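Here's coords_32.txt, which has compact mmCIF, C-alpha atoms:
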# COMPACT_ATOMS: atom_id res chain seq x y z
CA MET A 2 7.35 -6.10 -8.36
CA ILE A 3 6.15 -4.48 -11.60
CA ARG A 4 2.44 -5.13 -12.10
CA GLY A 5 -0.46 -4.43 -14.41
CA SER A 6 -0.85 -3.45 -18.05
CA LEU A 7 2.63 -3.15 -19.50
CA VAL A 8 2.60 -1.94 -23.09
CA ALA A 9 4.95 -3.65 -25.55
CA ILE A 10 5.46 -0.31 -27.23
CA VAL A 11 6.16 0.01 -30.95
CA THR A 12 9.24 1.80 -32.26
CA PRO A 13 7.99 4.53 -34.63
CA MET A 14 10.07 5.09 -37.75
CA ARG A 15 10.32 7.88 -40.28
CA ASP A 16 9.92 7.37 -44.01
CA ASP A 17 13.71 7.21 -44.37
CA GLY A 18 13.83 4.31 -41.91
CA ALA A 19 15.32 6.21 -38.98
CA VAL A 20 13.78 5.94 -35.53
CA ASP A 21 11.17 8.68 -35.08
CA PHE A 22 11.86 9.90 -31.56
CA ALA A 23 9.28 12.69 -31.78
CA ALA A 24 6.55 10.14 -32.50
CA LEU A 25 7.89 7.95 -29.69
CA ASP A 26 7.44 10.90 -27.32
CA ARG A 27 3.82 11.25 -28.49
CA LEU A 28 3.21 7.59 -27.72
CA LEU A 29 4.76 7.89 -24.28
CA ASP A 30 2.58 10.92 -23.49
CA PHE A 31 -0.43 8.92 -24.69
CA HIS A 32 0.40 6.17 -22.20
CA LEU A 33 1.15 8.52 -19.34
CA GLN A 34 -2.23 10.19 -19.82
CA ALA A 35 -4.01 6.82 -20.06
CA GLY A 36 -2.43 5.47 -16.89
CA THR A 37 -0.52 2.56 -18.44
CA HIS A 38 1.33 0.77 -15.65
CA GLY A 39 4.66 0.29 -17.42
CA ILE A 40 6.55 0.45 -20.72
CA VAL A 41 8.33 -2.45 -22.40
CA ALA A 42 10.77 -0.94 -24.89
CA VAL A 43 12.40 -2.69 -27.85
CA GLY A 44 10.72 -6.03 -27.56
CA THR A 45 9.21 -8.01 -30.41
CA THR A 46 6.59 -5.30 -30.98
CA GLY A 47 9.36 -2.70 -30.91
CA GLU A 48 11.09 -4.34 -33.90
CA ALA A 49 14.17 -5.22 -31.88
CA SER A 50 15.28 -7.66 -34.56
CA THR A 51 15.79 -4.87 -37.12
CA LEU A 52 17.42 -2.24 -34.89
CA ASP A 53 21.19 -2.15 -34.70
CA VAL A 54 22.82 -2.19 -31.26
CA ASP A 55 23.28 1.59 -31.06
CA GLU A 56 19.65 2.21 -32.02
CA HIS A 57 18.48 -0.46 -29.58
CA VAL A 58 20.27 1.18 -26.66
CA SER A 59 19.29 4.69 -27.80
CA VAL A 60 15.58 3.82 -27.80
CA ILE A 61 15.80 2.34 -24.29
CA ALA A 62 17.67 5.39 -22.99
CA HIS A 63 15.24 7.77 -24.67
CA VAL A 64 12.21 6.03 -23.13
CA VAL A 65 13.80 6.09 -19.67
CA ARG A 66 14.57 9.81 -19.96
CA ALA A 67 11.14 10.65 -21.35
CA VAL A 68 9.11 8.92 -18.64
CA SER A 69 11.49 10.32 -16.01
CA GLY A 70 10.63 7.83 -13.28
CA ARG A 71 6.87 8.13 -13.72
CA LEU A 72 6.61 4.58 -15.06
CA PRO A 73 8.85 1.52 -14.83
CA VAL A 74 10.67 0.73 -18.07
CA ILE A 75 11.41 -2.89 -18.96
CA ALA A 76 14.03 -3.16 -21.69
CA GLY A 77 14.01 -5.92 -24.26
CA THR A 78 17.58 -7.22 -24.29
CA GLY A 79 17.40 -10.73 -25.71
CA ALA A 80 19.72 -12.16 -28.35
CA ASN A 81 20.66 -15.58 -29.65
CA ALA A 82 24.24 -15.05 -28.47
CA THR A 83 24.64 -15.01 -24.70
CA SER A 84 27.42 -12.42 -24.90
CA GLU A 85 25.21 -10.03 -26.88
CA ALA A 86 22.30 -10.46 -24.46
CA ILE A 87 24.65 -9.66 -21.58
CA ALA A 88 25.96 -6.56 -23.34
CA LEU A 89 22.46 -5.28 -24.14
CA SER A 90 21.27 -5.98 -20.59
CA ARG A 91 24.22 -4.11 -19.10
CA ALA A 92 23.55 -1.18 -21.41
CA ALA A 93 19.89 -1.15 -20.37
CA GLY A 94 20.96 -1.02 -16.74
CA GLU A 95 23.31 1.88 -17.44
CA ALA A 96 20.45 3.68 -19.22
CA GLY A 97 18.28 3.38 -16.12
CA ALA A 98 15.83 0.62 -17.05
CA SER A 99 13.92 -1.03 -14.22
CA ALA A 100 14.31 -4.60 -15.53
CA CYS A 101 15.30 -6.46 -18.66
CA LEU A 102 13.14 -8.81 -20.71
CA VAL A 103 15.24 -11.54 -22.30
CA VAL A 104 13.75 -13.75 -24.98
CA THR A 105 14.87 -17.33 -25.47
CA PRO A 106 17.63 -17.59 -28.10
CA TYR A 107 16.12 -17.86 -31.56
CA TYR A 108 17.27 -19.93 -34.54
CA ASN A 109 20.10 -21.86 -32.84
CA LYS A 110 17.60 -24.00 -30.82
CA PRO A 111 19.46 -24.63 -27.54
CA THR A 112 18.63 -27.55 -25.27
CA GLN A 113 16.88 -27.01 -21.95
CA GLU A 114 20.30 -27.17 -20.26
CA GLY A 115 21.55 -24.58 -22.73
CA LEU A 116 18.65 -22.31 -21.81
CA PHE A 117 19.41 -22.73 -18.12
CA GLN A 118 23.06 -21.86 -18.65
CA HIS A 119 22.21 -18.93 -20.95
CA PHE A 120 19.86 -17.21 -18.53
CA SER A 121 21.99 -18.02 -15.50
CA ALA A 122 24.99 -16.35 -17.18
CA ILE A 123 22.95 -13.23 -17.92
CA ALA A 124 21.63 -13.03 -14.36
CA ARG A 125 25.16 -13.34 -12.96
CA SER A 126 26.41 -10.58 -15.24
CA VAL A 127 23.88 -7.79 -14.71
CA ASP A 128 22.40 -5.88 -11.78
CA LEU A 129 18.92 -5.56 -13.29
CA PRO A 130 16.14 -8.03 -12.52
CA VAL A 131 15.86 -10.46 -15.43
CA ILE A 132 12.44 -11.40 -16.80
CA LEU A 133 12.50 -14.52 -18.96
CA TYR A 134 10.52 -14.45 -22.20
CA ASN A 135 9.17 -17.61 -23.78
CA VAL A 136 7.51 -17.27 -27.21
CA PRO A 137 8.16 -20.48 -29.14
CA SER A 138 5.93 -19.43 -32.05
CA ARG A 139 8.58 -16.79 -32.81
CA THR A 140 11.82 -18.41 -31.75
CA ALA A 141 11.44 -22.15 -32.49
CA CYS A 142 12.68 -22.61 -28.92
CA ASP A 143 10.37 -23.61 -26.08
CA MET A 144 11.46 -23.18 -22.47
CA LEU A 145 9.63 -25.88 -20.52
CA PRO A 146 8.08 -25.29 -17.09
CA GLU A 147 10.66 -27.47 -15.35
CA THR A 148 13.44 -25.28 -16.75
CA VAL A 149 11.60 -22.17 -15.60
CA ALA A 150 11.35 -23.71 -12.13
CA ARG A 151 15.14 -24.22 -12.07
CA LEU A 152 15.73 -20.66 -13.24
CA ALA A 153 13.33 -19.23 -10.65
CA LYS A 154 15.87 -20.24 -8.01
CA VAL A 155 18.70 -18.30 -9.69
CA PRO A 156 19.38 -14.96 -7.96
CA GLY A 157 18.40 -12.05 -10.19
CA ILE A 158 15.79 -13.90 -12.24
CA ALA A 159 12.53 -12.25 -11.24
CA GLY A 160 9.83 -13.65 -13.50
CA ILE A 161 8.70 -14.76 -16.93
CA LYS A 162 6.64 -13.49 -19.84
CA GLU A 163 4.87 -16.66 -20.89
CA ALA A 164 3.53 -16.06 -24.39
CA THR A 165 2.26 -19.47 -25.37
CA GLY A 166 -1.32 -18.65 -24.40
CA ASN A 167 -1.48 -22.01 -22.63
CA LEU A 168 -3.21 -21.53 -19.28
CA ASP A 169 -2.32 -25.03 -18.08
CA ARG A 170 1.34 -24.20 -18.58
CA ALA A 171 0.89 -20.95 -16.68
CA ARG A 172 -0.69 -22.87 -13.80
CA ALA A 173 2.29 -25.23 -13.76
CA ILE A 174 4.74 -22.34 -13.62
CA ARG A 175 2.80 -20.64 -10.86
CA ALA A 176 2.64 -23.87 -8.84
CA SER A 177 6.35 -24.69 -9.21
CA CYS A 178 7.80 -21.18 -8.90
CA GLY A 179 5.61 -19.67 -6.21
CA PRO A 180 3.99 -16.24 -5.80
CA ASP A 181 7.26 -14.30 -5.51
CA PHE A 182 8.22 -15.23 -9.07
CA ALA A 183 6.42 -12.79 -11.37
CA LEU A 184 4.25 -14.25 -14.12
CA TYR A 185 3.31 -12.02 -17.06
CA GLY A 186 1.02 -12.90 -19.91
CA GLY A 187 2.36 -12.40 -23.40
CA ASP A 188 -0.85 -13.22 -25.23
CA ASP A 189 -3.59 -10.58 -25.05
CA ALA A 190 -6.38 -13.04 -25.78
CA THR A 191 -5.65 -14.94 -22.56
CA GLY A 192 -4.13 -12.10 -20.52
CA VAL A 193 -7.10 -11.39 -18.26
CA ALA A 194 -7.70 -15.10 -17.69
CA LEU A 195 -4.07 -15.38 -16.64
CA GLY A 196 -4.47 -12.42 -14.32
CA LEU A 197 -7.41 -14.11 -12.66
CA LEU A 198 -5.12 -17.09 -12.04
CA GLY A 199 -2.70 -14.84 -10.18
CA ALA A 200 -0.39 -13.37 -12.83
CA GLN A 201 1.16 -10.01 -12.02
CA GLY A 202 0.42 -8.45 -15.41
CA VAL A 203 0.42 -8.66 -19.17
CA ILE A 204 2.97 -7.39 -21.67
CA SER A 205 0.46 -6.23 -24.19
CA VAL A 206 0.18 -5.38 -27.88
CA THR A 207 -3.44 -4.26 -27.47
CA ALA A 208 -2.36 -1.68 -24.89
CA ASN A 209 -0.69 0.26 -27.70
CA VAL A 210 -4.11 1.32 -29.00
CA ALA A 211 -6.40 0.80 -25.97
CA PRO A 212 -4.20 1.70 -23.00
CA ARG A 213 -6.94 3.01 -20.73
CA ALA A 214 -9.15 -0.04 -21.13
CA MET A 215 -6.22 -2.39 -20.56
CA ARG A 216 -5.24 -0.49 -17.44
CA GLU A 217 -8.83 -0.60 -16.16
CA ALA A 218 -9.05 -4.36 -16.76
CA TRP A 219 -5.96 -5.01 -14.67
CA GLU A 220 -7.02 -2.64 -11.93
CA ALA A 221 -10.28 -4.57 -11.78
CA ILE A 222 -8.29 -7.80 -11.41
CA PHE A 223 -6.26 -6.34 -8.56
CA ALA A 224 -9.46 -5.10 -6.89
CA GLY A 225 -10.94 -8.60 -6.99
CA ASP A 226 -13.53 -7.63 -9.59
CA GLY A 227 -13.21 -10.55 -11.96
CA GLU A 228 -16.57 -9.87 -13.58
CA GLY A 229 -15.56 -6.30 -14.38
CA ALA A 230 -12.23 -7.40 -15.81
CA ARG A 231 -13.93 -9.97 -18.03
CA ARG A 232 -16.45 -7.36 -19.22
CA ILE A 233 -13.71 -4.96 -20.28
CA ASP A 234 -11.76 -7.77 -21.89
CA ALA A 235 -14.80 -8.92 -23.86
CA ALA A 236 -15.04 -5.47 -25.44
CA LEU A 237 -11.40 -5.80 -26.53
CA ALA A 238 -11.61 -9.37 -27.81
CA GLY A 239 -11.86 -8.30 -31.44
CA LEU A 240 -8.74 -6.18 -31.08
CA HIS A 241 -6.82 -9.02 -29.46
CA GLN A 242 -7.46 -11.03 -32.62
CA ALA A 243 -7.25 -8.32 -35.28
CA LEU A 244 -3.85 -7.06 -34.15
CA PHE A 245 -2.45 -10.42 -35.26
CA VAL A 246 -4.04 -10.75 -38.70
CA GLU A 247 -0.48 -10.34 -40.00
CA SER A 248 2.81 -10.62 -38.15
CA ASN A 249 3.11 -8.33 -35.14
CA PRO A 250 3.80 -5.36 -35.21
CA ILE A 251 2.40 -4.84 -38.73
CA PRO A 252 -1.28 -4.45 -37.71
CA VAL A 253 -0.67 -2.42 -34.56
CA LYS A 254 1.58 0.05 -36.38
CA TRP A 255 -1.10 0.48 -39.04
CA ALA A 256 -3.67 1.05 -36.27
CA LEU A 257 -1.51 3.67 -34.55
CA HIS A 258 -0.99 5.40 -37.89
CA ALA A 259 -4.76 5.39 -38.48
CA MET A 260 -5.14 6.97 -35.03
CA GLY A 261 -2.75 9.75 -36.07
CA LEU A 262 -0.06 8.87 -33.55
CA ILE A 263 2.79 7.60 -35.75
CA GLY A 264 3.83 7.32 -39.36
CA PRO A 265 3.21 4.12 -41.33
CA SER A 266 6.79 2.87 -41.65
CA LEU A 267 8.29 -0.46 -40.66
CA ARG A 268 11.66 -1.92 -41.55
CA LEU A 269 12.13 -4.66 -44.06
CA PRO A 270 11.53 -7.55 -44.10
CA LEU A 271 8.27 -6.32 -42.51
CA THR A 272 5.93 -4.50 -44.86
CA PRO A 273 2.79 -2.39 -44.27
CA LEU A 274 -0.53 -4.05 -43.57
CA SER A 275 -2.09 -5.42 -46.73
CA ASP A 276 -5.18 -3.67 -48.08
CA GLN A 277 -7.39 -6.74 -47.62
CA LYS A 278 -6.61 -6.93 -43.87
CA ARG A 279 -7.18 -3.27 -43.06
CA ALA A 280 -10.95 -3.52 -42.76
CA ALA A 281 -10.64 -6.14 -40.01
CA VAL A 282 -8.33 -3.94 -37.96
CA ARG A 283 -10.44 -0.83 -38.58
CA ASP A 284 -13.62 -2.65 -37.55
CA ALA A 285 -12.00 -3.98 -34.37
CA LEU A 286 -10.80 -0.50 -33.42
CA GLN A 287 -14.25 0.95 -33.95
CA GLN A 288 -15.93 -1.86 -32.01
CA ALA A 289 -13.60 -1.09 -29.11
CA GLY A 290 -14.67 2.56 -29.24
CA ILE A 291 -11.39 3.88 -30.61
CA LYS A 292 -11.76 6.91 -32.84
CA LEU A 293 -9.83 7.10 -36.10
Have the structure of the file written as structure tokens, please.
Amino acid sequence: MIRGSLVAIVTPMRDDGAVDFAALDRLLDFHLQAGTHGIVAVGTTGEASTLDVDEHVSVIAHVVRAVSGRLPVIAGTGANATSEAIALSRAAGEAGASACLVVTPYYNKPTQEGLFQHFSAIARSVDLPVILYNVPSRTACDMLPETVARLAKVPGIAGIKEATGNLDRARAIRASCGPDFALYGGDDATGVALGLLGAQGVISVTANVAPRAMREAWEAIFAGDGEGARRIDAALAGLHQALFVESNPIPVKWALHAMGLIGPSLRLPLTPLSDQKRAAVRDALQQAGIKL
């Protein structure tokens, strides 16, 4: 079971809009040196929605080759068409990913039965462990705990990234699905609290800029040091908030650029962080002890 601080890594881009694989290698080295527990490639933070299929698969394959077995790689492979999600998940498996992270279908708003059928079809079609991903603030589609409980019984479905930030919902999922079904936080502000409730890890935006601290917080959780985990998390609380002052990944890509790790580019319709929001992100980075 994959555990700990799992970075939802950004996809660096050059000024011409192409994927910047050299910058991606710098980020991966940064995480290897910091002890990040795992990489989540081409998720929401990785701008999956603006990469074409070839780019999507190329980034996954590049990350797998670059980490060369030193870290597990979870590949974002969700789509609002079941056939496309299956194709991306199969490609991730062929590239050597450790698991796939599959977001609920966006825009078409399936029923709970539709969600059950969608994820069951993916699990039947791929050899990789499937991690469900529920983020209704992004998708306008909310997978309810009772549907998660049904899916937890489907062979091949290994866990869920629950990104509502609702701890009561997380408790319900844990109670109905049991300890062998992995629960990952998808909301940095509540990630440590979720870990103290028994979650296996967090898929983190904050870990892009503070990987060592995030790793230390989760190692404290696993060591039974709740006080230590809370202390580390308190020092990161400003970052957890500031990295969402505009739509993710706008603030975190600006932060990584300010740290000298990547260029400033995103793909339309996302645009660079507005001038009036930069001070908040800069202050949060400095408060967390991150040098610019």
Using only C-alpha atoms, tabulate the residues of stretch 186-288 of chain A lying at most 12 Å from any atom of stretch 13-17 of chain A, each with its closest atom pair and that distance in Å to one decimal, by chain and increasing residue number, as CSV.
residue,atom,partner,partner_atom,distance
A:Asn209,CA,A:Pro13,CA,11.9
A:Pro250,CA,A:Pro13,CA,10.8
A:Ile251,CA,A:Pro13,CA,11.7
A:Val253,CA,A:Pro13,CA,11.1
A:Lys254,CA,A:Pro13,CA,8.0
A:Trp255,CA,A:Pro13,CA,10.9
A:Leu257,CA,A:Pro13,CA,9.5
A:His258,CA,A:Pro13,CA,9.6
A:Leu262,CA,A:Pro13,CA,9.2
A:Ile263,CA,A:Pro13,CA,6.1
A:Gly264,CA,A:Arg15,CA,6.6
A:Pro265,CA,A:Met14,CA,7.8
A:Ser266,CA,A:Met14,CA,5.6
A:Leu267,CA,A:Met14,CA,6.5
A:Arg268,CA,A:Met14,CA,8.1
A:Leu269,CA,A:Met14,CA,11.8
Could you list, as number ranges by chain, every residue within 12 Å of A:Asp128, counting all atoms listed in the file and ignoring same-chain residues fewer than 3 positions away?
A: 87, 90-95, 97-101, 123-125, 131, 156-159
How far is it from atom CA of A:Ala122 to atom CA of A:Thr148, in Å with one decimal?
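Computing the Euclidean distance for atom CA of A:Ala122 and atom CA of A:Thr148 yields 14.6 Å.
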Let me make sure I understand: among A:His63, A:Arg232, A:His57, A:His119, which one has the smallest atom-to-atom distance to A:Ser84 if we use all atoms listed in the file?
A:His119
Give me, please, the distance in Å between atom CA of A:Gly79 and atom CA of A:Ala243, quoted to one decimal.
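Atom-to-atom, atom CA of A:Gly79 and atom CA of A:Ala243 are spaced 26.6 Å apart.
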Pick from A:Glu220, A:Glu85, A:Glu48, A:Glu56 nearest to A:Ala19, counting only C-alpha atoms:
A:Glu56
Interatomic distance, atom CA of A:Gly187 to atom CA of A:Gly115 (Å, one decimal):
22.7 Å
Measuring atom to atom with only C-alpha atoms, identify which of A:Ala171, A:Ala49, A:Val246, A:Val104 is nearest to A:Leu195.
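Distance minimum relative to A:Leu195 lands on A:Ala171.
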Near A:Gly160, counting all atoms listed in the file, which residues have an atom at most 7 Å away, once you skip same-chain residues fewer than 4 positions from it, shown as a PyMOL selection string?
chain A and resi 132-133+182-184
Nearest residue to A:Ile40 out of A:Leu271, A:Ala141, A:Leu198, A:Val203, using only C-alpha atoms?
A:Val203
A:Val103, A:Ala218, A:Val58, A:Val210 ranked by distance to A:Ala230, top pick (using all atoms listed in the file):
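Of all the options, A:Ala218 lies closest to A:Ala230.
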Could you list, as number ranges by chain, every residue within 10 Å of A:Arg170, counting all atoms listed in the file and ignoring same-chain residues fewer than 5 positions away?
A: 145-146, 163, 165, 175-176
Rank A:Asp234, A:Thr45, A:Thr83, A:Val193 by their smallest atom-to-atom distance to A:Asn135, using all atoms listed in the file, and report the top residue only.
A:Thr45
Is it possible to add N, CA and C atoms to stretch 69-87 of chain A and hand it back as a JSON list (two decimals), keeping the file's coordinate frame?
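This is the output file rebuild_4.json:
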[["chain", "number", "residue", "atom", "x", "y", "z"],
["A", 69, "SER", "N", 10.90, 9.64, -17.16],
["A", 69, "SER", "CA", 11.49, 10.32, -16.01],
["A", 69, "SER", "C", 10.98, 9.77, -14.67],
["A", 70, "GLY", "N", 10.99, 8.45, -14.55],
["A", 70, "GLY", "CA", 10.63, 7.83, -13.28],
["A", 70, "GLY", "C", 9.15, 7.70, -13.03],
["A", 71, "ARG", "N", 8.32, 8.20, -13.94],
["A", 71, "ARG", "CA", 6.87, 8.13, -13.72],
["A", 71, "ARG", "C", 6.31, 6.74, -13.97],
["A", 72, "LEU", "N", 7.00, 5.94, -14.77],
["A", 72, "LEU", "CA", 6.61, 4.58, -15.06],
["A", 72, "LEU", "C", 7.85, 3.70, -15.05],
["A", 73, "PRO", "N", 7.72, 2.44, -14.65],
["A", 73, "PRO", "CA", 8.85, 1.52, -14.83],
["A", 73, "PRO", "C", 9.06, 1.23, -16.31],
["A", 74, "VAL", "N", 10.31, 1.05, -16.70],
["A", 74, "VAL", "CA", 10.67, 0.73, -18.07],
["A", 74, "VAL", "C", 11.39, -0.62, -18.08],
["A", 75, "ILE", "N", 10.80, -1.58, -18.76],
["A", 75, "ILE", "CA", 11.41, -2.89, -18.96],
["A", 75, "ILE", "C", 12.04, -2.88, -20.34],
["A", 76, "ALA", "N", 13.31, -3.21, -20.42],
["A", 76, "ALA", "CA", 14.03, -3.16, -21.69],
["A", 76, "ALA", "C", 14.16, -4.54, -22.29],
["A", 77, "GLY", "N", 13.76, -4.69, -23.54],
["A", 77, "GLY", "CA", 14.01, -5.92, -24.26],
["A", 77, "GLY", "C", 15.50, -6.03, -24.58],
["A", 78, "THR", "N", 16.13, -7.10, -24.12],
["A", 78, "THR", "CA", 17.58, -7.22, -24.29],
["A", 78, "THR", "C", 17.99, -8.63, -24.72],
["A", 79, "GLY", "N", 17.08, -9.36, -25.32],
["A", 79, "GLY", "CA", 17.40, -10.73, -25.71],
["A", 79, "GLY", "C", 18.23, -10.80, -26.98],
["A", 80, "ALA", "N", 18.93, -11.89, -27.14],
["A", 80, "ALA", "CA", 19.72, -12.16, -28.35],
["A", 80, "ALA", "C", 19.98, -13.65, -28.40],
["A", 81, "ASN", "N", 20.37, -14.15, -29.58],
["A", 81, "ASN", "CA", 20.66, -15.58, -29.65],
["A", 81, "ASN", "C", 22.12, -15.89, -29.33],
["A", 82, "ALA", "N", 22.90, -14.86, -29.02],
["A", 82, "ALA", "CA", 24.24, -15.05, -28.47],
["A", 82, "ALA", "C", 24.23, -14.56, -27.03],
["A", 83, "THR", "N", 24.66, -15.39, -26.11],
["A", 83, "THR", "CA", 24.64, -15.01, -24.70],
["A", 83, "THR", "C", 25.44, -13.74, -24.46],
["A", 84, "SER", "N", 26.58, -13.60, -25.10],
["A", 84, "SER", "CA", 27.42, -12.42, -24.90],
["A", 84, "SER", "C", 26.70, -11.14, -25.33],
["A", 85, "GLU", "N", 25.94, -11.22, -26.43],
["A", 85, "GLU", "CA", 25.21, -10.03, -26.88],
["A", 85, "GLU", "C", 24.07, -9.69, -25.92],
["A", 86, "ALA", "N", 23.36, -10.71, -25.42],
["A", 86, "ALA", "CA", 22.30, -10.46, -24.46],
["A", 86, "ALA", "C", 22.84, -9.82, -23.19],
["A", 87, "ILE", "N", 24.02, -10.26, -22.76],
["A", 87, "ILE", "CA", 24.65, -9.66, -21.58],
["A", 87, "ILE", "C", 24.99, -8.20, -21.86]]
